[in-house]
>>> print(open('upload-v1.txt').read())   # compact mmCIF, C-alpha atoms and all ligand atoms
# COMPACT_ATOMS: atom_id res chain seq x y z
CA MET E 1 221.96 65.07 218.71
CA VAL E 2 221.33 62.87 215.69
CA GLY E 3 221.14 63.76 212.01
CA PRO E 4 223.09 63.59 208.78
CA MET E 5 226.58 64.89 208.05
CA GLY E 6 226.59 68.67 208.07
CA SER E 7 223.29 69.04 209.93
CA GLY E 8 225.26 70.78 212.70
CA LYS E 9 225.38 68.17 215.47
CA SER E 10 228.90 69.13 216.53
CA THR E 11 228.43 72.89 216.12
CA LEU E 12 224.95 73.21 217.58
CA GLY E 13 225.71 70.59 220.25
CA ALA E 14 228.57 72.68 221.62
CA ALA E 15 226.45 75.87 221.54
CA LEU E 16 223.57 74.11 223.29
CA ALA E 17 225.84 72.65 225.99
CA ALA E 18 227.26 76.11 226.71
CA ARG E 19 223.76 77.56 227.11
CA LEU E 20 222.64 74.70 229.36
CA GLY E 21 225.85 74.77 231.43
CA LEU E 22 226.45 71.10 230.59
CA GLY E 23 229.45 69.21 229.31
CA PHE E 24 229.69 68.41 225.62
CA VAL E 25 230.87 65.15 224.07
CA ASP E 26 231.44 64.69 220.34
CA VAL E 27 231.42 60.96 219.63
CA ASP E 28 233.37 61.35 216.35
CA ALA E 29 236.10 63.23 218.23
CA CYS E 30 236.20 60.50 220.91
CA ILE E 31 236.61 57.82 218.23
CA VAL E 32 239.52 59.72 216.67
CA ALA E 33 241.17 60.26 220.07
CA MET E 34 240.77 56.62 221.11
CA ALA E 35 241.95 55.22 217.78
CA GLY E 36 244.78 57.70 217.30
CA MET E 37 243.68 57.86 213.65
CA SER E 38 241.51 60.14 211.55
CA ILE E 39 238.04 58.94 210.49
CA PRO E 40 239.16 58.44 206.85
CA ASP E 41 242.14 56.39 208.11
CA ILE E 42 239.88 54.21 210.26
CA PHE E 43 237.61 53.59 207.26
CA ALA E 44 240.65 52.81 205.09
CA THR E 45 242.29 50.38 207.50
CA GLU E 46 239.33 48.79 209.32
CA GLY E 47 236.48 49.33 206.90
CA GLU E 48 233.11 50.83 207.78
CA ALA E 49 232.38 47.83 210.05
CA GLY E 50 235.47 48.56 212.15
CA PHE E 51 234.44 52.20 212.40
CA ARG E 52 230.90 51.25 213.47
CA ASP E 53 232.28 49.01 216.26
CA ARG E 54 234.39 51.88 217.54
CA GLU E 55 231.41 54.21 217.25
CA ALA E 56 229.17 51.90 219.31
CA GLN E 57 231.78 51.75 222.07
CA ALA E 58 232.40 55.50 222.08
CA LEU E 59 228.66 56.21 222.11
CA ALA E 60 228.10 53.86 225.08
CA ASP E 61 230.94 55.60 226.94
CA ALA E 62 229.49 59.04 226.19
CA LEU E 63 226.00 58.04 227.31
CA ALA E 64 227.40 56.65 230.57
CA HIS E 65 228.48 60.15 231.60
CA GLN E 66 225.24 62.10 231.87
CA PRO E 67 224.04 64.80 232.04
CA ALA E 68 225.78 66.13 228.94
CA VAL E 69 225.02 67.10 225.37
CA VAL E 70 226.23 64.34 223.03
CA ALA E 71 226.82 64.91 219.32
CA THR E 72 226.74 61.60 217.47
CA GLY E 73 228.01 60.80 213.99
CA GLY E 74 225.59 60.70 211.06
CA GLY E 75 225.44 56.89 211.03
CA ALA E 76 225.13 56.24 214.77
CA VAL E 77 221.43 55.45 214.34
CA LEU E 78 222.14 52.50 212.05
CA ARG E 79 222.53 50.00 214.89
CA GLN E 80 219.50 49.06 216.93
CA ALA E 81 221.61 48.85 220.11
CA ASN E 82 222.77 52.45 219.60
CA ARG E 83 219.19 53.63 219.04
CA ASP E 84 218.00 51.83 222.17
CA ALA E 85 220.83 53.28 224.24
CA MET E 86 220.14 56.84 223.08
CA GLN E 87 216.42 56.57 223.75
CA ALA E 88 216.99 55.04 227.17
CA VAL E 89 219.31 57.77 228.37
CA GLY E 90 217.86 61.08 227.33
CA CYS E 91 216.20 63.43 224.95
CA VAL E 92 217.09 62.70 221.34
CA VAL E 93 217.13 65.73 219.02
CA TYR E 94 217.04 65.15 215.26
CA LEU E 95 218.70 67.94 213.29
CA HIS E 96 217.11 68.05 209.88
CA VAL E 97 218.84 69.85 207.01
CA SER E 98 218.02 70.28 203.34
CA THR E 99 220.33 68.33 201.01
CA GLN E 100 221.26 71.56 199.22
CA GLU E 101 222.42 73.26 202.43
CA GLN E 102 224.06 70.04 203.65
CA LEU E 103 226.10 69.86 200.46
CA ARG E 104 227.06 73.54 200.69
CA ARG E 105 228.38 72.98 204.22
CA ILE E 106 230.40 69.82 203.68
CA GLU E 107 231.29 69.61 199.99
CA GLY E 108 235.03 69.19 199.66
CA ASP E 109 235.48 68.19 203.30
CA ARG E 110 237.96 65.33 203.13
CA ASN E 111 237.15 64.22 206.66
CA ARG E 112 233.90 62.53 205.67
CA PRO E 113 234.79 59.34 203.79
CA LEU E 114 231.21 58.40 202.94
CA LEU E 115 231.06 61.54 200.82
CA ASP E 116 234.05 60.54 198.74
CA SER E 117 231.92 60.07 195.62
CA ASP E 118 231.62 61.42 192.07
CA ALA E 119 227.99 62.29 192.79
CA PRO E 120 227.95 63.64 196.36
CA ALA E 121 224.42 65.07 196.16
CA GLN E 122 223.03 61.70 195.09
CA ARG E 123 225.05 59.94 197.78
CA LEU E 124 223.70 62.26 200.47
CA ALA E 125 220.14 61.74 199.23
CA GLU E 126 220.60 57.94 199.34
CA LEU E 127 221.98 58.03 202.86
CA GLN E 128 219.15 60.30 203.94
CA SER E 129 216.43 58.06 202.51
CA GLN E 130 217.91 55.10 204.37
CA ARG E 131 218.43 56.94 207.64
CA GLU E 132 215.70 59.55 207.97
CA PRO E 133 213.12 57.02 209.26
CA LEU E 134 215.62 55.99 211.95
CA TYR E 135 216.33 59.58 212.99
CA ARG E 136 212.60 60.28 213.25
CA GLN E 137 211.85 56.99 215.01
CA ILE E 138 213.97 57.86 218.03
CA ALA E 139 213.66 61.66 218.11
CA ASN E 140 211.91 63.47 220.94
CA LEU E 141 212.43 66.76 219.09
CA VAL E 142 213.00 67.62 215.43
CA ILE E 143 214.56 70.94 214.40
CA ASP E 144 215.37 72.22 210.91
CA THR E 145 218.90 73.64 210.86
CA SER E 146 218.92 74.73 207.20
CA VAL E 147 218.34 78.46 207.69
CA GLN E 148 219.16 79.76 211.19
CA THR E 149 222.59 80.19 212.75
CA PRO E 150 223.85 77.70 215.38
CA GLU E 151 223.31 80.31 218.14
CA GLN E 152 219.72 80.99 217.04
CA LEU E 153 219.07 77.26 216.90
CA ALA E 154 220.62 76.67 220.32
CA ALA E 155 218.40 79.38 221.84
CA ALA E 156 215.30 77.84 220.23
CA LEU E 157 216.29 74.38 221.42
CA VAL E 158 216.69 75.51 225.03
CA LEU E 159 213.07 76.73 224.98
CA ARG E 160 211.81 73.56 223.33
CA LEU E 161 213.68 71.33 225.78
CA HIS E 162 212.19 73.21 228.72
CA ALA E 163 208.71 72.92 227.19
CA LEU E 164 209.22 69.19 226.74
CA LYS E 165 210.28 68.78 230.35
CA ASP E 166 207.53 70.96 231.79
CA PRO E 167 204.67 71.28 229.26
CA HIS E 168 202.53 73.38 231.64
CA ALA E 169 205.16 76.03 232.48
N1 LIG L 1 223.13 76.38 211.41
C1 LIG L 1 224.22 76.45 210.64
N2 LIG L 1 224.34 77.43 209.73
C2 LIG L 1 225.43 77.51 208.95
N3 LIG L 1 226.49 76.67 208.99
C3 LIG L 1 226.43 75.68 209.87
C4 LIG L 1 225.31 75.51 210.74
N4 LIG L 1 225.53 74.42 211.52
C5 LIG L 1 226.72 73.95 211.14
N5 LIG L 1 227.26 74.69 210.16
C6 LIG L 1 228.57 74.48 209.50
O1 LIG L 1 228.44 73.27 208.75
C7 LIG L 1 229.62 72.49 208.85
C8 LIG L 1 229.25 71.12 209.39
O2 LIG L 1 228.73 71.26 210.71
P1 LIG L 1 228.97 70.14 211.82
O3 LIG L 1 230.37 69.64 211.75
O4 LIG L 1 228.50 70.71 213.11
O5 LIG L 1 228.00 68.99 211.31
P2 LIG L 1 227.79 67.53 211.90
O6 LIG L 1 226.33 67.32 211.91
O7 LIG L 1 228.50 67.40 213.21
O8 LIG L 1 228.45 66.59 210.80
P3 LIG L 1 229.13 65.11 210.96
O9 LIG L 1 228.00 64.12 211.03
O10 LIG L 1 229.92 64.91 209.72
O11 LIG L 1 229.96 65.12 212.21
C9 LIG L 1 230.60 73.28 209.75
O12 LIG L 1 231.48 74.00 208.92
C10 LIG L 1 229.67 74.23 210.51
O13 LIG L 1 230.33 75.44 210.85
O1 LIG L 2 227.13 59.67 208.13
C1 LIG L 2 228.02 58.88 208.52
O2 LIG L 2 227.90 57.64 208.44
C2 LIG L 2 229.22 59.44 209.15
C3 LIG L 2 229.19 60.73 209.65
C4 LIG L 2 230.30 61.33 210.40
O3 LIG L 2 229.78 62.02 211.52
C5 LIG L 2 231.31 60.28 210.87
O4 LIG L 2 230.80 59.54 211.96
C6 LIG L 2 231.67 59.35 209.75
O5 LIG L 2 232.24 60.10 208.71
C7 LIG L 2 230.43 58.59 209.24
MG MG L 3 229.98 66.12 213.91
>>> encode(input="upload-v1.txt", output="structure tokens")
Amino acid sequence: MVGPMGSGKSTLGAALAARLGLGFVDVDACIVAMAGMSIPDIFATEGEAGFRDREAQALADALAHQPAVVATGGGAVLRQANRDAMQAVGCVVYLHVSTQEQLRRIEGDRNRPLLDSDAPAQRLAELQSQREPLYRQIANLVIDTSVQTPEQLAAALVLRLHALKDPHA
């Protein structure tokens, strides 16, 4: 699962894994567990570059244990090596969300250091304009998460994944 902060990668990823009977790995959670620090603390002590190194390692580890549903962090697509690894291993799902709904979901969440800004809506729009082409470039499926619940979305995704695998069924 790829997409911006608040698109629902962690939430929908877990719901999808349950429906598919697969394991679920949240790369952000793996980074926190391996570092023994919160994401804001990693950013504060090691900078974004240090976080991205940890993210690349945690993503590679997660992708080595397939099949599973993997929720990535919003910036995992920034590195070419990460994009190549995701495309090589499986089906990449881009979770699209409107900026308005994204902001409603994550405004005030102190666990997302890139949102620590006086103008969070503008910050989210900037990140999205930089990253959306990358999300779309590697996606096998795109789903808009702005309106439906995670369970509705997971059910729709199961059908779309089956159709992708067996288009004539
Ligand atoms: N379809 C949805 N409808 C309503 N709320 C949702 C939906 N999906 C997720 N949320 C809520 O939005 C918030 C952010 O969701 P989540 O943590 O899954 O996003 P994320 O894409 O994993 O973000 P990040 O990139 O920061 O890890 C959570 O509070 C979650 O409950
Ligand atoms: O959009 C981003 O770059 C990020 C999203 C989160 O999932 C975390 O990976 C971290 O806060 C960075
Ligand atoms: Mg997440």
>>> residues_around(input="upload-v1.txt", residues="region 66-76 of chain E", least_positions_apart="6", cutoff="7 Å", atoms="only C-alpha atoms", output="MDAnalysis selection string")
chainID E and resid 1:5 9:10 13 17 22:28 82
>>> closest_residue(input="upload-v1.txt", among="E:Ile143, E:Ala121, E:Ala44, E:Val89", to="Gln102 (chain E)", atoms="all atoms listed in the file")
E:Ala121
>>> atom_distance(input="upload-v1.txt", atom1="CA of Asp144 (chain E)", atom2="CA of Asp109 (chain E)")
21.9 Å
>>> atom_distance(input="upload-v1.txt", atom1="CA of Ala35 (chain E)", atom2="CA of Asp61 (chain E)")
14.3 Å
>>> closest_residue(input="upload-v1.txt", among="E:Gly36, E:Gly47, E:Pro150, E:Gly90", to="ligand LIG 2 (chain L)", atoms="only C-alpha atoms and all ligand atoms")
E:Gly47
>>> closest_residue(input="upload-v1.txt", among="E:Cys30, E:Val142, E:Ala88, E:Leu78", to="Glu48 (chain E)", atoms="all atoms listed in the file")
E:Leu78
>>> closest_residue(input="upload-v1.txt", among="E:Ser117, E:Gln57, E:Ser38, E:Asn111", to="ligand LIG 1 (chain L)", atoms="all atoms listed in the file")
E:Asn111
>>> closest_residue(input="upload-v1.txt", among="E:Leu161, E:Arg136, E:Leu63, E:Leu95", to="ligand MG 3 (chain L)", atoms="only C-alpha atoms and all ligand atoms")
E:Leu95
>>> residues_around(input="upload-v1.txt", residues="Arg123 (chain E)", least_positions_apart="3", cutoff="12 Å", atoms="only C-alpha atoms", output="ChimeraX atom specification")
/E:4-5,99,102-103,107,113-120,126-130
>>> build_atoms(input="upload-v1.txt", residues="region 22-56 of chain E", atoms="N, CA and C atoms", output="tab-separated table (two decimals), in the frame of the given file")
chain	number	residue	atom	x	y	z
E	22	LEU	N	226.14	72.54	230.53
E	22	LEU	CA	226.45	71.10	230.59
E	22	LEU	C	227.75	70.82	229.85
E	23	GLY	N	228.30	69.65	230.10
E	23	GLY	CA	229.45	69.21	229.31
E	23	GLY	C	229.01	68.85	227.90
E	24	PHE	N	229.98	68.77	227.01
E	24	PHE	CA	229.69	68.41	225.62
E	24	PHE	C	230.63	67.30	225.18
E	25	VAL	N	230.06	66.26	224.57
E	25	VAL	CA	230.87	65.15	224.07
E	25	VAL	C	230.56	64.96	222.59
E	26	ASP	N	231.61	64.95	221.78
E	26	ASP	CA	231.44	64.69	220.34
E	26	ASP	C	231.96	63.28	220.08
E	27	VAL	N	231.04	62.38	219.75
E	27	VAL	CA	231.42	60.96	219.63
E	27	VAL	C	232.47	60.76	218.53
E	28	ASP	N	232.34	61.49	217.41
E	28	ASP	CA	233.37	61.35	216.35
E	28	ASP	C	234.75	61.72	216.89
E	29	ALA	N	234.81	62.80	217.68
E	29	ALA	CA	236.10	63.23	218.23
E	29	ALA	C	236.64	62.19	219.20
E	30	CYS	N	235.76	61.55	219.98
E	30	CYS	CA	236.20	60.50	220.91
E	30	CYS	C	236.78	59.31	220.14
E	31	ILE	N	236.13	58.95	219.03
E	31	ILE	CA	236.61	57.82	218.23
E	31	ILE	C	238.02	58.12	217.72
E	32	VAL	N	238.20	59.33	217.21
E	32	VAL	CA	239.52	59.72	216.67
E	32	VAL	C	240.57	59.70	217.78
E	33	ALA	N	240.21	60.22	218.95
E	33	ALA	CA	241.17	60.26	220.07
E	33	ALA	C	241.52	58.85	220.52
E	34	MET	N	240.51	57.98	220.62
E	34	MET	CA	240.77	56.62	221.11
E	34	MET	C	241.56	55.80	220.10
E	35	ALA	N	241.27	56.02	218.82
E	35	ALA	CA	241.95	55.22	217.78
E	35	ALA	C	243.34	55.78	217.45
E	36	GLY	N	243.53	57.07	217.73
E	36	GLY	CA	244.78	57.70	217.30
E	36	GLY	C	244.88	57.78	215.79
E	37	MET	N	243.73	57.80	215.13
E	37	MET	CA	243.68	57.86	213.65
E	37	MET	C	242.52	58.75	213.25
E	38	SER	N	242.62	59.34	212.07
E	38	SER	CA	241.51	60.14	211.55
E	38	SER	C	240.37	59.20	211.12
E	39	ILE	N	239.17	59.77	210.95
E	39	ILE	CA	238.04	58.94	210.49
E	39	ILE	C	238.34	58.33	209.11
E	40	PRO	N	238.84	59.09	208.14
E	40	PRO	CA	239.16	58.44	206.85
E	40	PRO	C	240.18	57.31	207.01
E	41	ASP	N	241.15	57.47	207.91
E	41	ASP	CA	242.14	56.39	208.11
E	41	ASP	C	241.50	55.16	208.76
E	42	ILE	N	240.57	55.37	209.67
E	42	ILE	CA	239.88	54.21	210.26
E	42	ILE	C	239.08	53.47	209.18
E	43	PHE	N	238.36	54.23	208.35
E	43	PHE	CA	237.61	53.59	207.26
E	43	PHE	C	238.57	52.83	206.33
E	44	ALA	N	239.72	53.44	206.05
E	44	ALA	CA	240.65	52.81	205.09
E	44	ALA	C	241.28	51.54	205.66
E	45	THR	N	241.57	51.54	206.95
E	45	THR	CA	242.29	50.38	207.50
E	45	THR	C	241.35	49.32	208.09
E	46	GLU	N	240.21	49.75	208.62
E	46	GLU	CA	239.33	48.79	209.32
E	46	GLU	C	237.98	48.62	208.63
E	47	GLY	N	237.76	49.39	207.59
E	47	GLY	CA	236.48	49.33	206.90
E	47	GLY	C	235.39	50.03	207.70
E	48	GLU	N	234.21	50.17	207.06
E	48	GLU	CA	233.11	50.83	207.78
E	48	GLU	C	232.71	50.01	209.00
E	49	ALA	N	232.79	48.67	208.91
E	49	ALA	CA	232.38	47.83	210.05
E	49	ALA	C	233.25	48.11	211.27
E	50	GLY	N	234.56	48.26	211.04
E	50	GLY	CA	235.47	48.56	212.15
E	50	GLY	C	235.13	49.91	212.76
E	51	PHE	N	234.83	50.88	211.89
E	51	PHE	CA	234.44	52.20	212.40
E	51	PHE	C	233.17	52.12	213.23
E	52	ARG	N	232.19	51.34	212.75
E	52	ARG	CA	230.90	51.25	213.47
E	52	ARG	C	231.08	50.58	214.84
E	53	ASP	N	232.00	49.62	214.94
E	53	ASP	CA	232.28	49.01	216.26
E	53	ASP	C	232.86	50.05	217.21
E	54	ARG	N	233.81	50.83	216.70
E	54	ARG	CA	234.39	51.88	217.54
E	54	ARG	C	233.33	52.90	217.93
E	55	GLU	N	232.46	53.22	216.99
E	55	GLU	CA	231.41	54.21	217.25
E	55	GLU	C	230.46	53.72	218.36
E	56	ALA	N	230.09	52.44	218.30
E	56	ALA	CA	229.17	51.90	219.31
E	56	ALA	C	229.79	51.99	220.70
